[in-house]
Structures are given as structure tokens and as C-alpha cells.
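This is input_28.cif (mmCIF, C-alpha atoms).
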data_query
#
loop_
_atom_site.group_PDB
_atom_site.id
_atom_site.type_symbol
_atom_site.label_atom_id
_atom_site.label_comp_id
_atom_site.auth_asym_id
_atom_site.auth_seq_id
_atom_site.Cartn_x
_atom_site.Cartn_y
_atom_site.Cartn_z
ATOM 1 C CA MET A 1 132.379 119.474 -13.542
ATOM 2 C CA GLY A 2 131.100 123.021 -13.885
ATOM 3 C CA ASN A 3 129.899 123.486 -10.299
ATOM 4 C CA THR A 4 130.316 127.193 -9.667
ATOM 5 C CA THR A 5 128.153 129.350 -7.443
ATOM 6 C CA GLU A 6 128.202 133.137 -7.173
ATOM 7 C CA THR A 7 126.080 135.146 -4.775
ATOM 8 C CA ASN A 8 125.350 138.548 -3.323
ATOM 9 C CA GLN A 9 122.743 139.352 -0.642
ATOM 10 C CA THR A 10 119.727 139.063 -2.938
ATOM 11 C CA THR A 11 120.989 137.106 -5.969
ATOM 12 C CA LEU A 12 122.165 133.547 -6.451
ATOM 13 C CA GLN A 13 123.862 132.230 -9.586
ATOM 14 C CA ILE A 14 124.768 128.586 -10.181
ATOM 15 C CA LYS A 15 126.446 127.086 -13.252
ATOM 16 C CA ARG A 16 126.485 123.434 -14.267
ATOM 17 C CA THR A 17 127.552 121.559 -17.390
ATOM 18 C CA TYR A 18 125.591 118.584 -18.709
ATOM 19 C CA GLN A 19 126.629 116.046 -21.333
ATOM 20 C CA ALA A 20 123.423 116.521 -23.283
ATOM 21 C CA SER A 21 122.086 118.865 -25.958
ATOM 22 C CA ARG A 22 120.421 122.166 -25.069
ATOM 23 C CA GLU A 23 117.178 120.745 -26.400
ATOM 24 C CA THR A 24 117.362 117.789 -23.980
ATOM 25 C CA VAL A 25 118.182 119.972 -20.969
ATOM 26 C CA PHE A 26 115.513 122.545 -21.905
ATOM 27 C CA GLU A 27 112.949 119.740 -22.274
ATOM 28 C CA ALA A 28 113.841 118.469 -18.783
ATOM 29 C CA TRP A 29 112.739 121.862 -17.426
ATOM 30 C CA THR A 30 109.542 122.118 -19.454
ATOM 31 C CA ASN A 31 108.082 118.589 -19.651
ATOM 32 C CA PRO A 32 106.015 117.777 -16.526
ATOM 33 C CA GLU A 33 106.801 114.047 -16.620
ATOM 34 C CA THR A 34 110.542 114.718 -16.873
ATOM 35 C CA LEU A 35 110.394 117.388 -14.139
ATOM 36 C CA LYS A 36 108.922 114.817 -11.740
ATOM 37 C CA GLN A 37 111.999 112.624 -12.228
ATOM 38 C CA TRP A 38 114.561 115.151 -10.992
ATOM 39 C CA PHE A 39 112.992 118.208 -9.367
ATOM 40 C CA GLY A 40 113.737 118.070 -5.641
ATOM 41 C CA PRO A 41 116.743 118.866 -3.461
ATOM 42 C CA THR A 42 117.588 115.227 -2.612
ATOM 43 C CA ASP A 43 116.686 111.723 -3.773
ATOM 44 C CA ASP A 44 114.576 111.384 -0.602
ATOM 45 C CA PHE A 45 112.110 113.958 -1.938
ATOM 46 C CA LYS A 46 109.205 112.826 -4.115
ATOM 47 C CA THR A 47 107.723 115.052 -6.823
ATOM 48 C CA PRO A 48 104.232 113.663 -7.485
ATOM 49 C CA GLU A 49 102.884 116.718 -9.330
ATOM 50 C CA ALA A 50 104.299 119.044 -11.951
ATOM 51 C CA GLU A 51 102.080 121.295 -14.045
ATOM 52 C CA VAL A 52 103.499 123.337 -16.921
ATOM 53 C CA ASP A 53 101.654 125.794 -19.173
ATOM 54 C CA LEU A 54 104.655 126.685 -21.323
ATOM 55 C CA ARG A 55 103.745 130.083 -22.781
ATOM 56 C CA VAL A 56 104.478 133.641 -21.727
ATOM 57 C CA GLY A 57 101.889 134.345 -19.046
ATOM 58 C CA GLY A 58 101.385 130.609 -18.501
ATOM 59 C CA LYS A 59 101.819 129.146 -15.041
ATOM 60 C CA TYR A 60 103.717 126.249 -13.542
ATOM 61 C CA ARG A 61 103.255 124.483 -10.203
ATOM 62 C CA ILE A 62 105.455 121.796 -8.656
ATOM 63 C CA GLN A 63 104.653 119.770 -5.555
ATOM 64 C CA MET A 64 107.449 118.098 -3.593
ATOM 65 C CA ILE A 65 107.076 115.852 -0.564
ATOM 66 C CA ALA A 66 109.956 115.865 1.924
ATOM 67 C CA PRO A 67 111.159 112.688 3.661
ATOM 68 C CA ASN A 68 109.305 113.796 6.826
ATOM 69 C CA GLY A 69 106.040 113.971 4.850
ATOM 70 C CA GLU A 70 105.901 117.774 4.613
ATOM 71 C CA THR A 71 104.520 119.069 1.325
ATOM 72 C CA HIS A 72 106.306 121.955 -0.410
ATOM 73 C CA ILE A 73 104.585 123.592 -3.387
ATOM 74 C CA VAL A 74 106.195 126.213 -5.592
ATOM 75 C CA GLY A 75 104.694 127.972 -8.562
ATOM 76 C CA GLY A 76 104.845 131.018 -10.740
ATOM 77 C CA MET A 77 104.425 132.462 -14.184
ATOM 78 C CA TYR A 78 106.588 132.288 -17.294
ATOM 79 C CA LYS A 79 107.877 135.748 -18.271
ATOM 80 C CA GLU A 80 110.132 134.792 -21.195
ATOM 81 C CA ILE A 81 110.583 131.581 -23.193
ATOM 82 C CA VAL A 82 113.234 131.232 -25.891
ATOM 83 C CA ALA A 83 113.499 127.515 -26.686
ATOM 84 C CA PRO A 84 116.048 126.004 -26.202
ATOM 85 C CA GLU A 85 118.051 129.001 -24.923
ATOM 86 C CA LYS A 86 116.307 130.617 -21.992
ATOM 87 C CA LEU A 87 113.476 130.438 -19.454
ATOM 88 C CA VAL A 88 112.482 133.306 -17.157
ATOM 89 C CA PHE A 89 109.799 132.736 -14.531
ATOM 90 C CA THR A 90 108.535 134.027 -11.218
ATOM 91 C CA TRP A 91 108.966 131.798 -8.160
ATOM 92 C CA ALA A 92 106.791 131.757 -5.029
ATOM 93 C CA TRP A 93 106.201 129.110 -2.361
ATOM 94 C CA GLU A 94 102.539 128.490 -1.581
ATOM 95 C CA ALA A 95 101.369 129.158 1.985
ATOM 96 C CA GLY A 96 102.636 126.477 4.304
ATOM 97 C CA GLY A 97 105.170 125.478 1.666
ATOM 98 C CA GLY A 98 108.130 126.691 3.684
ATOM 99 C CA CYS A 99 111.388 127.744 2.094
ATOM 100 C CA GLY A 100 110.625 131.415 1.721
ATOM 101 C CA GLY A 101 107.188 132.331 3.050
ATOM 102 C CA THR A 102 106.919 135.233 5.459
ATOM 103 C CA GLU A 103 105.677 135.338 9.046
ATOM 104 C CA SER A 104 102.313 136.580 7.754
ATOM 105 C CA GLY A 105 102.130 133.663 5.341
ATOM 106 C CA SER A 106 102.334 135.891 2.268
ATOM 107 C CA PRO A 107 104.522 134.344 -0.386
ATOM 108 C CA ILE A 108 107.705 136.098 -1.423
ATOM 109 C CA GLU A 109 107.912 136.282 -5.210
ATOM 110 C CA THR A 110 111.382 136.063 -6.695
ATOM 111 C CA LEU A 111 112.629 135.749 -10.278
ATOM 112 C CA VAL A 112 114.485 132.832 -11.891
ATOM 113 C CA THR A 113 116.374 132.924 -15.200
ATOM 114 C CA VAL A 114 117.731 129.683 -16.647
ATOM 115 C CA GLU A 115 120.072 129.953 -19.629
ATOM 116 C CA PHE A 116 121.084 126.969 -21.764
ATOM 117 C CA ARG A 117 124.354 127.492 -23.678
ATOM 118 C CA ASN A 118 125.824 125.110 -26.248
ATOM 119 C CA ARG A 119 129.414 124.197 -25.334
ATOM 120 C CA ASP A 120 130.830 121.745 -27.923
ATOM 121 C CA GLY A 121 127.957 119.296 -27.705
ATOM 122 C CA GLU A 122 127.483 119.792 -23.979
ATOM 123 C CA THR A 123 125.154 122.273 -22.333
ATOM 124 C CA GLU A 124 126.211 124.893 -19.839
ATOM 125 C CA LEU A 125 123.260 125.792 -17.647
ATOM 126 C CA ILE A 126 123.321 129.128 -15.817
ATOM 127 C CA LEU A 127 120.621 129.579 -13.190
ATOM 128 C CA THR A 128 120.178 133.074 -11.752
ATOM 129 C CA HIS A 129 117.648 133.492 -8.927
ATOM 130 C CA LYS A 130 117.081 137.133 -7.850
ATOM 131 C CA GLN A 131 115.128 139.357 -5.486
ATOM 132 C CA PHE A 132 115.609 137.366 -2.285
ATOM 133 C CA PRO A 133 114.639 139.320 0.825
ATOM 134 C CA ASP A 134 117.826 138.335 2.695
ATOM 135 C CA ALA A 135 120.968 136.185 2.630
ATOM 136 C CA GLU A 136 119.381 133.421 4.713
ATOM 137 C CA THR A 137 116.584 132.856 2.180
ATOM 138 C CA ARG A 138 119.124 132.993 -0.657
ATOM 139 C CA ASP A 139 121.301 130.391 1.080
ATOM 140 C CA LYS A 140 118.362 128.003 1.600
ATOM 141 C CA HIS A 141 117.568 128.255 -2.096
ATOM 142 C CA ASN A 142 121.244 127.711 -2.989
ATOM 143 C CA GLU A 143 121.111 124.402 -1.129
ATOM 144 C CA GLY A 144 117.845 123.400 -2.810
ATOM 145 C CA TRP A 145 118.875 124.429 -6.305
ATOM 146 C CA SER A 146 122.272 122.736 -5.980
ATOM 147 C CA GLY A 147 120.534 119.467 -5.119
ATOM 148 C CA CYS A 148 118.036 119.858 -7.960
ATOM 149 C CA LEU A 149 120.739 120.604 -10.512
ATOM 150 C CA ASP A 150 122.770 117.602 -9.347
ATOM 151 C CA ARG A 151 119.670 115.404 -9.722
ATOM 152 C CA LEU A 152 119.064 116.816 -13.219
ATOM 153 C CA ARG A 153 121.976 114.583 -14.285
ATOM 154 C CA LYS A 154 119.592 111.611 -13.902
ATOM 155 C CA VAL A 155 117.814 112.705 -17.087
ATOM 156 C CA CYS A 156 120.522 114.732 -18.881
#
Any chance you could give the structure as C-alpha cells?
Amino acid sequence: MGNTTETNQTTLQIKRTYQASRETVFEAWTNPETLKQWFGPTDDFKTPEAEVDLRVGGKYRIQMIAPNGETHIVGGMYKEIVAPEKLVFTWAWEAGGGCGGTESGSPIETLVTVEFRNRDGETELILTHKQFPDAETRDKHNEGWSGCLDRLRKVC
């Protein structure tokens, strides 16, 4: 229900609907303990660490461990917070974190906007991830985000 994806070369947009209030879905994105329960592309991933400093200019950092033991760490800064309607934050993989680093190891910083819309007691979530360097990086993130958003149903 509500699984649409739209893309262009540098932008990805995914929509999902959850049978939970906006407040509940927003909290799942901003509470470190709740983030650890669902943030990862598949159930085989573990998320042992999630740090959230929920204020404009505050930072977040999430560590995921893949089934093969590889560690992937993503982090960034909150640019806009309108509870429970919207989150805007930068997104960059730490060196060695795969999924979007460059040959030189410099992280590529992209921008994520998550909107939470009330739809008759349910919540429509619209995730827009922009500024990808190419379609391949966008497509890898589409796969990861799709898995994460499916797993979000565990808590929402």
C-alpha cells in the first residue's frame, strides 16, 4: 500500500503509507532507540548505534552492520525540523562506509527531506533524497531506502 517511487538522475522520491499517527512515525525517525529497531535495508542488518541531536544544526550518526560483517556508518546535520511534519538533513557515508563514497574516499553529501502527512488517521511519508552524483548511486540508495521504509512498519 502506497509504494511509489519516482526518480530522475540525481533525485529519488519514495512514498509510503503507515497505519500510525504522524507523531508515531516522526518519533520513529528521531528517537535513537526506535531507529535501531528498523533502520537498515534488510532484517539481516544490525543497527547497534544511533545518535540523534534533534535540533537545527544538530548531528545524527547511524551505524549499520551488514550480514558479511561490514560496517556502514552514515551521518549528517539537521537543516530543518518541523515536528511532526518534516525533517530535512544532510546525508554522507563515512570513509569506508561504502554506498556513496568516492574513489578518493571523500564522502558525497546529499540532502534528504522526509515529510509526514496526515491521511485520515494514517500517515503518508514522502522521502526525497537529492543531489546524487549519478544514477548508479541514486539506484543503490533507492534499494536501501526501500528496505528501510518497509522495515519501518515493524514500529509503525
Close residues, segment 21-30 of chain A itself excluded, 6 Å, all atoms listed in the file, min 4 positions apart in chain, as a VMD selection string: chain A and resid 34 to 35 84 116 122 to 123
Picked residues, the PyMOL selection byres ((chain A and resi 90) around 7), as a list in words: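 Here the PyMOL selection byres ((chain A and resi 90) around 7) matches Gly76, Met77, Tyr78, Phe89, Trp91, Ala92, Glu109, Thr110, Leu111 and Val112 of chain A.
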Explicit residues for the PyMOL selection byres ((chain A and resi 40) around 8) (as a ChimeraX atom specification): /A:38-39,41-43,45-47,64,144,147-148,151
A:Asp44, A:Val155, A:Lys36, A:Val114 ranked by distance to Glu70 of chain A, top pick (using only C-alpha atoms):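 Closest to Glu70 of chain A, using only C-alpha atoms: A:Asp44.
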Gap from atom CA of Ala83 of chain A to atom CA of Lys154 of chain A - Å, one decimal: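 Going from atom CA of Ala83 of chain A over to atom CA of Lys154 of chain A covers 21.3 Å.
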Target residues per the PyMOL selection byres ((chain A and resi 50) around 8), formatted as a list in words: Pro32, Glu33, Leu35, Lys36, Thr47, Pro48, Glu49, Glu51, Val52, Tyr60, Arg61, Ile62 and Gln63 of chain A
Atomic separation - atom CA of Gly121 of chain A relative to atom CA of Ser146 of chain A, Å: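 Those two atoms sit 22.7 Å apart.
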Shortest interatomic distance to Gln9 of chain A - which of A:Ala135, A:Leu54, A:Leu149, A:Cys156, counting only C-alpha atoms: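 Among A:Ala135, A:Leu54, A:Leu149, A:Cys156, it is A:Ala135 that comes nearest to Gln9 of chain A.
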Ref. answer, residues at most 7 Å from (119.6, 131.2, -22.1) with all atoms listed in the file, as number ranges by chain: A: 85-87, 114-117
Between atom CA of Lys79 of chain A and atom CA of Asn118 of chain A - distance in Å to one decimal: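 So the answer is 22.3 Å.
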All residues 12 Å or closer to Arg119 of chain A, all atoms listed in the file, same chain fewer than 6 positions away omitted, as a PyMOL selection string: chain A and resi 2+16-22+125
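All residues that come within 10 Å of the coordinates (121.6, 129.3, -1.4), counting only C-alpha atoms, are given as A:Thr5, A:Glu6, A:Thr7, A:Thr11, A:Leu12, A:Gln13, A:Ile14, A:His129, A:Ala135, A:Glu136, A:Thr137, A:Arg138, A:Asp139, A:Lys140, A:His141, A:Asn142, A:Glu143, A:Gly144, A:Trp145, A:Ser146.
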